[in-house]
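Have a look at my_file_6.csv below; it lists CSV, C-alpha atoms and all ligand atoms.
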```
chain,number,residue,atom,x,y,z
A,1,MET,CA,0.0,0.0,0.0
A,2,GLY,CA,2.9,2.4,0.9
A,3,ALA,CA,4.6,1.6,-2.4
A,4,GLY,CA,1.3,2.3,-4.2
A,5,ARG,CA,1.0,5.7,-2.5
A,6,LEU,CA,4.6,6.6,-3.3
A,7,GLY,CA,4.2,5.4,-6.8
A,8,ARG,CA,1.1,7.6,-7.2
A,9,ARG,CA,2.9,10.6,-5.8
A,10,LEU,CA,5.8,10.1,-8.1
A,11,LYS,CA,3.5,9.7,-11.1
A,12,ALA,CA,1.7,12.9,-10.0
A,13,VAL,CA,4.9,14.8,-9.9
A,14,THR,CA,6.2,13.4,-13.2
A,15,MET,CA,3.0,13.8,-15.1
A,16,ARG,CA,2.4,17.3,-13.8
A,17,ARG,CA,5.8,18.4,-15.2
A,18,MET,CA,5.0,17.3,-18.7
A,19,PRO,CA,3.6,20.0,-21.0
A,20,GLY,CA,0.0,19.5,-21.9
A,21,MET,CA,-0.5,16.6,-19.5
A,22,ILE,CA,-4.0,16.2,-18.1
A,23,THR,CA,-5.1,14.6,-14.9
A,24,CYS,CA,-7.1,11.4,-14.7
A,25,ALA,CA,-10.2,13.5,-13.8
A,26,GLU,CA,-9.7,15.5,-17.0
A,27,PHE,CA,-9.1,12.3,-19.0
A,28,GLU,CA,-12.4,11.0,-17.7
A,29,ARG,CA,-14.2,14.0,-19.1
A,30,PHE,CA,-12.8,13.2,-22.6
A,31,VAL,CA,-13.8,9.6,-22.6
A,32,VAL,CA,-17.3,9.8,-24.1
A,33,ASP,CA,-16.2,12.2,-26.8
A,34,HIS,CA,-13.3,10.0,-27.7
A,35,TYR,CA,-15.5,7.0,-27.9
A,36,GLU,CA,-17.9,9.0,-30.1
A,37,GLY,CA,-15.1,10.3,-32.3
A,38,ALA,CA,-15.8,13.8,-31.3
A,39,LEU,CA,-12.5,15.0,-29.9
A,40,SER,CA,-10.5,17.7,-31.7
A,41,GLU,CA,-7.0,16.6,-32.8
A,42,PRO,CA,-5.2,18.3,-30.0
A,43,GLU,CA,-7.6,16.9,-27.4
A,44,ARG,CA,-7.2,13.4,-28.9
A,45,ARG,CA,-3.4,13.7,-28.6
A,46,ARG,CA,-3.7,14.8,-25.0
A,47,PHE,CA,-6.0,11.8,-24.4
A,48,GLU,CA,-3.6,9.4,-26.0
A,49,ARG,CA,-0.6,10.8,-24.2
A,50,HIS,CA,-2.2,10.4,-20.8
A,51,MET,CA,-3.4,6.9,-21.6
A,52,ALA,CA,0.2,5.9,-22.6
A,53,LEU,CA,1.5,6.9,-19.2
A,54,CYS,CA,-1.4,6.0,-16.9
A,55,PRO,CA,-2.3,2.3,-16.5
A,56,PRO,CA,-5.5,2.8,-14.5
A,57,CYS,CA,-6.9,5.1,-17.2
A,58,ARG,CA,-5.7,2.8,-19.9
A,59,VAL,CA,-7.5,-0.1,-18.2
A,60,SER,CA,-10.5,2.1,-17.5
A,61,TRP,CA,-10.8,3.0,-21.2
A,62,GLN,CA,-10.4,-0.6,-22.4
A,63,SER,CA,-13.0,-1.7,-19.8
A,64,TYR,CA,-15.4,1.1,-21.0
A,65,ARG,CA,-15.2,-0.2,-24.5
A,66,LYS,CA,-15.7,-3.8,-23.5
A,67,ALA,CA,-18.6,-2.9,-21.3
A,68,VAL,CA,-20.3,-1.2,-24.2
A,69,ALA,CA,-19.5,-4.1,-26.6
A,70,LEU,CA,-20.9,-6.6,-24.1
A,71,GLY,CA,-24.2,-4.7,-23.9
A,72,ARG,CA,-24.4,-4.4,-27.7
A,73,GLY,CA,-23.5,-8.0,-28.3
A,74,LEU,CA,-26.0,-9.3,-25.8
A,75,PHE,CA,-29.0,-7.5,-27.4
A,76,ALA,CA,-27.8,-8.2,-30.9
A,77,GLU,CA,-27.8,-11.9,-30.0
A,78,GLU,CA,-31.3,-11.5,-28.6
A,79,ASP,CA,-32.5,-9.8,-31.8
A,80,ARG,CA,-31.0,-12.6,-33.9
A,81,ASP,CA,-32.4,-15.5,-31.9
A,82,ALA,CA,-36.0,-16.7,-32.5
A,83,PRO,CA,-38.1,-15.3,-29.7
A,84,ALA,CA,-40.3,-17.5,-27.5
A,85,PRO,CA,-43.7,-18.2,-29.1
A,86,VAL,CA,-46.3,-15.6,-28.3
A,87,ASP,CA,-48.7,-16.4,-25.5
A,88,GLU,CA,-52.2,-16.8,-27.1
A,89,GLY,CA,-53.5,-14.6,-24.3
A,90,LEU,CA,-51.6,-11.7,-25.8
A,91,VAL,CA,-53.0,-12.5,-29.3
A,92,ALA,CA,-56.5,-12.6,-27.8
A,93,ALA,CA,-56.0,-9.3,-25.9
A,94,VAL,CA,-54.7,-7.5,-29.0
A,95,LEU,CA,-57.6,-8.7,-31.1
A,96,ALA,CA,-60.1,-7.8,-28.4
A,97,ALA,CA,-58.6,-4.3,-28.0
A,98,ARG,CA,-58.7,-3.8,-31.8
A,99,ARG,CA,-62.4,-4.8,-31.9
A,100,ASP,CA,-63.1,-2.2,-29.1
A,101,GLU,CA,-61.4,0.7,-30.9
B,1,MET,CA,-34.9,6.3,-36.1
B,2,ALA,CA,-32.2,4.5,-38.0
B,3,ARG,CA,-32.3,0.8,-37.7
B,4,ALA,CA,-30.8,-1.5,-40.3
B,5,VAL,CA,-32.1,-4.8,-41.4
B,6,PRO,CA,-30.6,-7.4,-39.0
B,7,SER,CA,-27.0,-7.9,-40.1
B,8,ASP,CA,-27.4,-11.6,-40.6
B,9,ALA,CA,-30.1,-11.2,-43.2
B,10,SER,CA,-28.8,-11.6,-46.7
B,11,ALA,CA,-30.3,-9.6,-49.6
B,12,ASP,CA,-32.4,-12.6,-50.6
B,13,GLU,CA,-33.8,-13.1,-47.1
B,14,ALA,CA,-34.6,-9.4,-46.9
B,15,GLY,CA,-36.3,-9.6,-50.3
B,16,ALA,CA,-38.4,-12.6,-49.2
B,17,GLU,CA,-39.2,-10.9,-46.0
B,18,ARG,CA,-40.5,-7.9,-48.0
B,19,SER,CA,-42.7,-9.9,-50.3
B,20,GLY,CA,-44.1,-11.8,-47.3
B,21,ASP,CA,-44.7,-8.4,-45.7
B,22,ALA,CA,-46.5,-7.1,-48.7
B,23,ALA,CA,-49.0,-10.0,-48.8
B,24,LEU,CA,-49.7,-9.8,-45.1
B,25,LEU,CA,-50.0,-6.0,-45.3
B,26,ALA,CA,-52.6,-6.3,-48.0
B,27,ARG,CA,-54.7,-8.6,-45.8
B,28,LEU,CA,-54.3,-6.3,-42.8
B,29,ARG,CA,-55.5,-3.3,-44.8
B,30,ALA,CA,-58.5,-5.3,-46.0
B,31,GLY,CA,-59.3,-5.9,-42.3
B,32,ASP,CA,-58.8,-9.6,-42.3
B,33,GLU,CA,-58.9,-10.7,-38.6
B,34,ALA,CA,-56.7,-13.8,-39.2
B,35,ALA,CA,-54.0,-11.5,-40.6
B,36,PHE,CA,-54.0,-9.4,-37.4
B,37,ALA,CA,-53.6,-12.6,-35.3
B,38,GLU,CA,-50.8,-13.7,-37.6
B,39,LEU,CA,-49.0,-10.3,-37.2
B,40,VAL,CA,-49.1,-10.7,-33.4
B,41,ARG,CA,-47.9,-14.3,-33.5
B,42,THR,CA,-45.1,-13.5,-35.9
B,43,HIS,CA,-43.8,-10.3,-34.3
B,44,GLY,CA,-45.2,-10.2,-30.7
B,45,GLY,CA,-42.3,-12.3,-29.2
B,46,ARG,CA,-39.6,-10.0,-30.5
B,47,MET,CA,-41.6,-6.9,-29.5
B,48,LEU,CA,-42.0,-8.3,-26.0
B,49,ALA,CA,-38.3,-8.8,-25.8
B,50,VAL,CA,-37.7,-5.2,-26.8
B,51,ALA,CA,-40.3,-3.9,-24.3
B,52,ARG,CA,-38.7,-5.9,-21.5
B,53,ARG,CA,-35.4,-4.0,-22.1
B,54,TYR,CA,-37.1,-0.7,-21.2
B,55,LEU,CA,-39.7,-1.7,-18.7
B,56,ASP,CA,-39.2,-3.4,-15.4
B,57,SER,CA,-42.3,-5.6,-15.1
B,58,GLU,CA,-43.8,-8.2,-17.3
B,59,ASP,CA,-47.3,-6.6,-17.0
B,60,ALA,CA,-45.9,-3.3,-18.2
B,61,ALA,CA,-44.1,-5.0,-21.1
B,62,GLN,CA,-47.3,-6.8,-22.2
B,63,ASP,CA,-49.3,-3.6,-22.0
B,64,CYS,CA,-46.7,-1.8,-24.0
B,65,VAL,CA,-46.7,-4.4,-26.8
B,66,GLN,CA,-50.5,-4.2,-26.9
B,67,GLU,CA,-50.4,-0.4,-27.2
B,68,ALA,CA,-47.7,-0.8,-29.8
B,69,PHE,CA,-50.0,-3.0,-31.9
B,70,MET,CA,-52.8,-0.6,-31.5
B,71,SER,CA,-50.8,2.3,-32.8
B,72,ALA,CA,-49.4,0.1,-35.6
B,73,PHE,CA,-53.0,-0.8,-36.7
B,74,LYS,CA,-53.9,2.9,-36.7
B,75,SER,CA,-51.0,3.8,-38.9
B,76,LEU,CA,-51.1,0.8,-41.3
B,77,ASP,CA,-52.1,3.2,-44.2
B,78,ARG,CA,-49.0,5.3,-43.6
B,79,PHE,CA,-46.6,2.3,-43.6
B,80,GLU,CA,-44.7,2.8,-46.9
B,81,GLY,CA,-42.7,-0.4,-46.9
B,82,ARG,CA,-39.4,1.4,-46.9
B,83,SER,CA,-38.3,-0.8,-43.9
B,84,SER,CA,-39.5,-4.3,-43.1
B,85,LEU,CA,-42.6,-4.8,-41.0
B,86,ALA,CA,-40.3,-6.1,-38.2
B,87,THR,CA,-38.2,-3.0,-38.2
B,88,TRP,CA,-41.3,-0.8,-38.3
B,89,LEU,CA,-42.9,-2.6,-35.4
B,90,HIS,CA,-39.6,-2.6,-33.4
B,91,ARG,CA,-39.5,1.2,-33.7
B,92,ILE,CA,-43.1,1.5,-32.6
B,93,THR,CA,-42.4,-0.7,-29.6
B,94,VAL,CA,-39.5,1.5,-28.5
B,95,ASN,CA,-41.7,4.6,-28.8
B,96,ALA,CA,-44.5,3.0,-26.9
B,97,ALA,CA,-42.1,1.9,-24.1
B,98,LEU,CA,-40.7,5.4,-23.8
B,99,GLN,CA,-44.2,6.8,-23.7
B,100,VAL,CA,-45.0,4.5,-20.7
B,101,LEU,CA,-41.8,5.7,-19.0
B,102,ARG,CA,-42.6,9.4,-19.6
B,103,ARG,CA,-45.9,8.9,-17.8
B,104,ARG,CA,-44.1,7.6,-14.7
B,105,SER,CA,-42.3,9.5,-12.1
B,106,HIS,CA,-38.6,8.9,-11.6
B,107,LYS,CA,-38.5,9.9,-8.0
B,108,ASP,CA,-37.6,6.5,-6.6
B,109,GLU,CA,-34.8,5.9,-9.0
B,110,VAL,CA,-31.6,4.4,-7.6
B,111,ALA,CA,-28.6,6.8,-7.6
B,112,ILE,CA,-25.9,6.4,-10.2
B,113,GLU,CA,-23.1,8.1,-8.1
B,114,PRO,CA,-21.9,5.0,-6.3
B,115,TRP,CA,-20.8,3.6,-9.6
B,116,MET,CA,-18.8,6.7,-10.6
B,117,PRO,CA,-15.0,6.5,-10.5
B,118,SER,CA,-13.1,8.1,-7.6
B,119,PHE,CA,-10.0,10.3,-7.9
B,120,ASP,CA,-7.5,11.0,-5.2
B,121,GLU,CA,-6.8,14.6,-4.0
B,122,GLN,CA,-4.4,15.1,-7.0
B,123,GLY,CA,-7.1,14.1,-9.5
B,124,PHE,CA,-5.6,10.7,-10.2
B,125,LEU,CA,-7.7,7.6,-10.7
B,126,GLU,CA,-7.8,4.8,-8.3
B,127,GLY,CA,-9.0,1.7,-10.0
B,128,PRO,CA,-8.1,-1.7,-11.5
B,129,THR,CA,-4.9,-1.9,-13.6
B,130,VAL,CA,-5.6,-5.2,-15.3
B,131,VAL,CA,-8.2,-5.9,-18.0
B,132,THR,CA,-9.2,-9.2,-19.4
B,133,ALA,CA,-7.8,-10.2,-22.8
B,134,ALA,CA,-11.1,-11.9,-23.8
B,135,ASP,CA,-13.2,-10.0,-26.2
B,136,ALA,CA,-16.9,-9.4,-25.8
B,137,GLU,CA,-17.8,-12.2,-28.2
B,138,ASP,CA,-15.8,-14.8,-26.2
B,139,LEU,CA,-17.3,-13.5,-22.9
B,140,LEU,CA,-20.8,-13.6,-24.2
B,141,ALA,CA,-20.5,-17.3,-25.0
B,142,ARG,CA,-20.8,-17.9,-21.3
B,143,ASP,CA,-24.3,-18.1,-19.8
B,144,ASP,CA,-23.2,-16.5,-16.5
B,145,VAL,CA,-21.7,-13.5,-18.4
B,146,ARG,CA,-24.9,-12.9,-20.4
B,147,ALA,CA,-27.0,-13.1,-17.2
B,148,GLU,CA,-24.6,-10.7,-15.4
B,149,VAL,CA,-24.5,-8.1,-18.3
B,150,ARG,CA,-28.3,-8.2,-18.5
B,151,ALA,CA,-28.7,-7.8,-14.8
B,152,ALA,CA,-26.2,-4.9,-14.7
B,153,ILE,CA,-28.1,-3.0,-17.5
B,154,ASP,CA,-31.4,-3.7,-15.7
B,155,ARG,CA,-30.0,-2.2,-12.5
B,156,LEU,CA,-29.2,1.1,-14.2
B,157,PRO,CA,-31.5,4.0,-13.2
B,158,LEU,CA,-34.2,4.2,-15.9
B,159,SER,CA,-33.3,7.6,-17.2
B,160,TYR,CA,-29.7,6.4,-17.7
B,161,ARG,CA,-30.6,3.0,-19.1
B,162,ASN,CA,-32.8,4.6,-21.8
B,163,VAL,CA,-30.0,6.7,-23.1
B,164,LEU,CA,-27.7,3.7,-23.2
B,165,LEU,CA,-30.3,1.5,-24.9
B,166,LEU,CA,-31.2,4.2,-27.5
B,167,ARG,CA,-27.6,5.1,-28.3
B,168,ASP,CA,-25.7,1.8,-27.9
B,169,ILE,CA,-28.4,-0.8,-28.7
B,170,GLU,CA,-30.7,1.1,-31.1
B,171,GLY,CA,-27.8,3.0,-32.7
B,172,LEU,CA,-29.5,6.4,-32.6
B,173,SER,CA,-27.2,9.5,-32.7
B,174,ILE,CA,-26.8,11.5,-29.5
B,175,LYS,CA,-28.8,14.2,-31.1
B,176,GLU,CA,-31.7,11.8,-31.9
B,177,VAL,CA,-31.6,10.4,-28.3
B,178,ALA,CA,-31.7,14.0,-26.9
B,179,GLU,CA,-34.8,14.7,-29.1
B,180,MET,CA,-36.6,11.5,-28.1
B,181,LEU,CA,-36.0,12.0,-24.4
B,182,GLU,CA,-36.4,15.8,-24.4
B,183,LEU,CA,-32.9,16.4,-23.1
B,184,THR,CA,-30.2,18.8,-24.2
B,185,GLU,CA,-27.6,17.1,-26.3
B,186,ASN,CA,-25.0,17.7,-23.6
B,187,ASN,CA,-27.2,16.2,-21.0
B,188,ALA,CA,-27.8,13.2,-23.1
B,189,LYS,CA,-24.1,12.8,-23.6
B,190,VAL,CA,-23.4,13.1,-19.9
B,191,ARG,CA,-26.1,10.5,-19.1
B,192,LEU,CA,-24.7,8.2,-21.8
B,193,HIS,CA,-21.2,8.4,-20.3
B,194,ARG,CA,-22.5,7.8,-16.8
B,195,ALA,CA,-24.6,4.8,-17.9
B,196,ARG,CA,-21.7,3.2,-19.6
B,197,THR,CA,-19.4,3.9,-16.7
B,198,ALA,CA,-21.9,2.4,-14.2
B,199,LEU,CA,-22.2,-0.6,-16.5
B,200,LYS,CA,-18.4,-0.9,-16.6
B,201,LYS,CA,-18.2,-0.6,-12.8
B,202,GLN,CA,-20.7,-3.3,-12.2
B,203,LEU,CA,-18.9,-5.6,-14.7
B,204,GLU,CA,-15.5,-5.0,-13.0
B,205,PRO,CA,-15.3,-8.5,-11.5
B,206,LEU,CA,-15.7,-9.9,-15.0
B,207,LEU,CA,-13.6,-7.4,-16.9
B,208,ASN,CA,-10.8,-6.8,-14.4
B,209,ALA,CA,-10.5,-10.2,-12.7
B,210,GLY,CA,-7.4,-10.5,-10.6
B,211,ALA,CA,-7.0,-6.8,-10.4
B,212,LEU,CA,-7.3,-4.3,-7.6
C,1,ZN,ZN,-5.0,8.6,-15.5
```
Represent the structure from my file as structure tokens, please.
Ligand SMILES: [Zn+2]
Amino acid sequence: MGAGRLGRRLKAVTMRRMPGMITCAEFERFVVDHYEGALSEPERRRFERHMALCPPCRVSWQSYRKAVALGRGLFAEEDRDAPAPVDEGLVAAVLAARRDE
Amino acid sequence: MARAVPSDASADEAGAERSGDAALLARLRAGDEAAFAELVRTHGGRMLAVARRYLDSEDAAQDCVQEAFMSAFKSLDRFEGRSSLATWLHRITVNAALQVLRRRSHKDEVAIEPWMPSFDEQGFLEGPTVVTAADAEDLLARDDVRAEVRAAIDRLPLSYRNVLLLRDIEGLSIKEVAEMLELTENNAKVRLHRARTALKKQLEPLLNAGAL
């Protein structure tokens, strides 16, 4: 734990000295725009530079993309698979509602 | 709402689907009761699956599908056949679900904050430093993963879940999502980011196994 704290402080000092370096909190604010391809070129470079030097943000970004891909993949699969047969109760309900209209 | 023909449908299948649609449509427009029953039997299952993504109870999902069929029946004359019946009904179902949600209050929504990342006093992230090498497709081959992803999405507060579903699952643009949910574009984007982040946080044991 002590080494982790020291490591973080060192990282903080090193990263702060680099020109144009952003903090993790600032990196986080770029994430959605980067995913959507909406960052300007200088912003994208700052994003990439931070990610190259910061393992937690790199992992966070990779996890973010995987989380979205998991959600997408799950529902794409559901859309492809044949759904369960429709309950005849629903068929009857829809037909009755149509007659009442 | 842009929604392509399912990616696994070849041009031939899509063509066959269209001509089947045209025949059914003609019978629906003629008021053939059997055709209405056939429409419900053919498309109701998929529509229910879609309604269940947005609504948290089976009753609400069933009511939503029923309402979706009613509004589809009313606009049969306006259906131009530019998309398949399946795509058209899918869209109507999403709209019906959102309408149900709009009528509800969101007062007892769960908070999203506990899933947001924490930064130390210097603005540095504290979080996992390992990510699984497995890609989404490999992970989704596992039943437990599919169940966990589904549960994690269902746990999202509704107003966040909707944004995620509309953008990431339905493929709407952020601008379209904002219009549908009557949000500003920036607000929609913030919600989208938080929804994805909350999903990621919940899936940490799966994505970042052996980390922390
Ligand atoms: Zn960082």
Neighbours of point (-6.9, 9.6, -24.6) within 9 Å, using all atoms listed in the file, written as a ChimeraX atom specification: /A:27-28,30-31,34,43-52,57-58,61
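Distances from A:Asp81, A:Pro19, A:Gly37, A:Tyr64 to chain B were compared using all atoms listed in the file, and the smallest one belongs to A:Tyr64.
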Contact set, chain A to chain B: 6 Å, only C-alpha atoms, as number ranges by chain: A: 23-25, 32, 55-56, 59, 64, 67, 69-70, 72, 83-84, 86, 91, 94
Atom-to-atom span, CA of Glu182 (chain B) and CA of Gln99 (chain B), Å: 11.9 Å
Residue among A:Leu39, A:Ala97, A:Cys54, A:Met18 lying closest to ligand ZN 1 (chain C), counting only C-alpha atoms and all ligand atoms: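 Of all the options, A:Cys54 lies closest to ligand ZN 1 (chain C).
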Atomic separation - CA of Ala26 (chain B) relative to CA of Asp77 (chain B), Å: 10.2 Å
Between CA of Tyr160 (chain B) and CA of Val94 (chain B) - distance in Å to one decimal: 15.4 Å
Nearest residue to ligand ZN 1 (chain C) from the set A:Arg80, A:Ser60, A:Tyr35, A:Gly73 (distances using all atoms listed in the file):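 Selected residue with least distance to ligand ZN 1 (chain C): A:Ser60.
Considering only C-alpha atoms and all ligand atoms, the residue among A:Arg99, A:Ala82, A:Leu90, A:Met21 positioned nearest to ligand ZN 1 (chain C) is A:Met21.
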Given only C-alpha atoms and all ligand atoms as the counted atoms, nearest of A:Leu53, A:Ser40, A:Arg98, A:Glu77 to ligand ZN 1 (chain C): A:Leu53
Closest of A:Glu26, A:Asp100, A:Glu41, A:Asp79 to ligand ZN 1 (chain C) - atom-to-atom distances counting all atoms listed in the file: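 Counting all atoms listed in the file, the residue closest to ligand ZN 1 (chain C) is A:Glu26.
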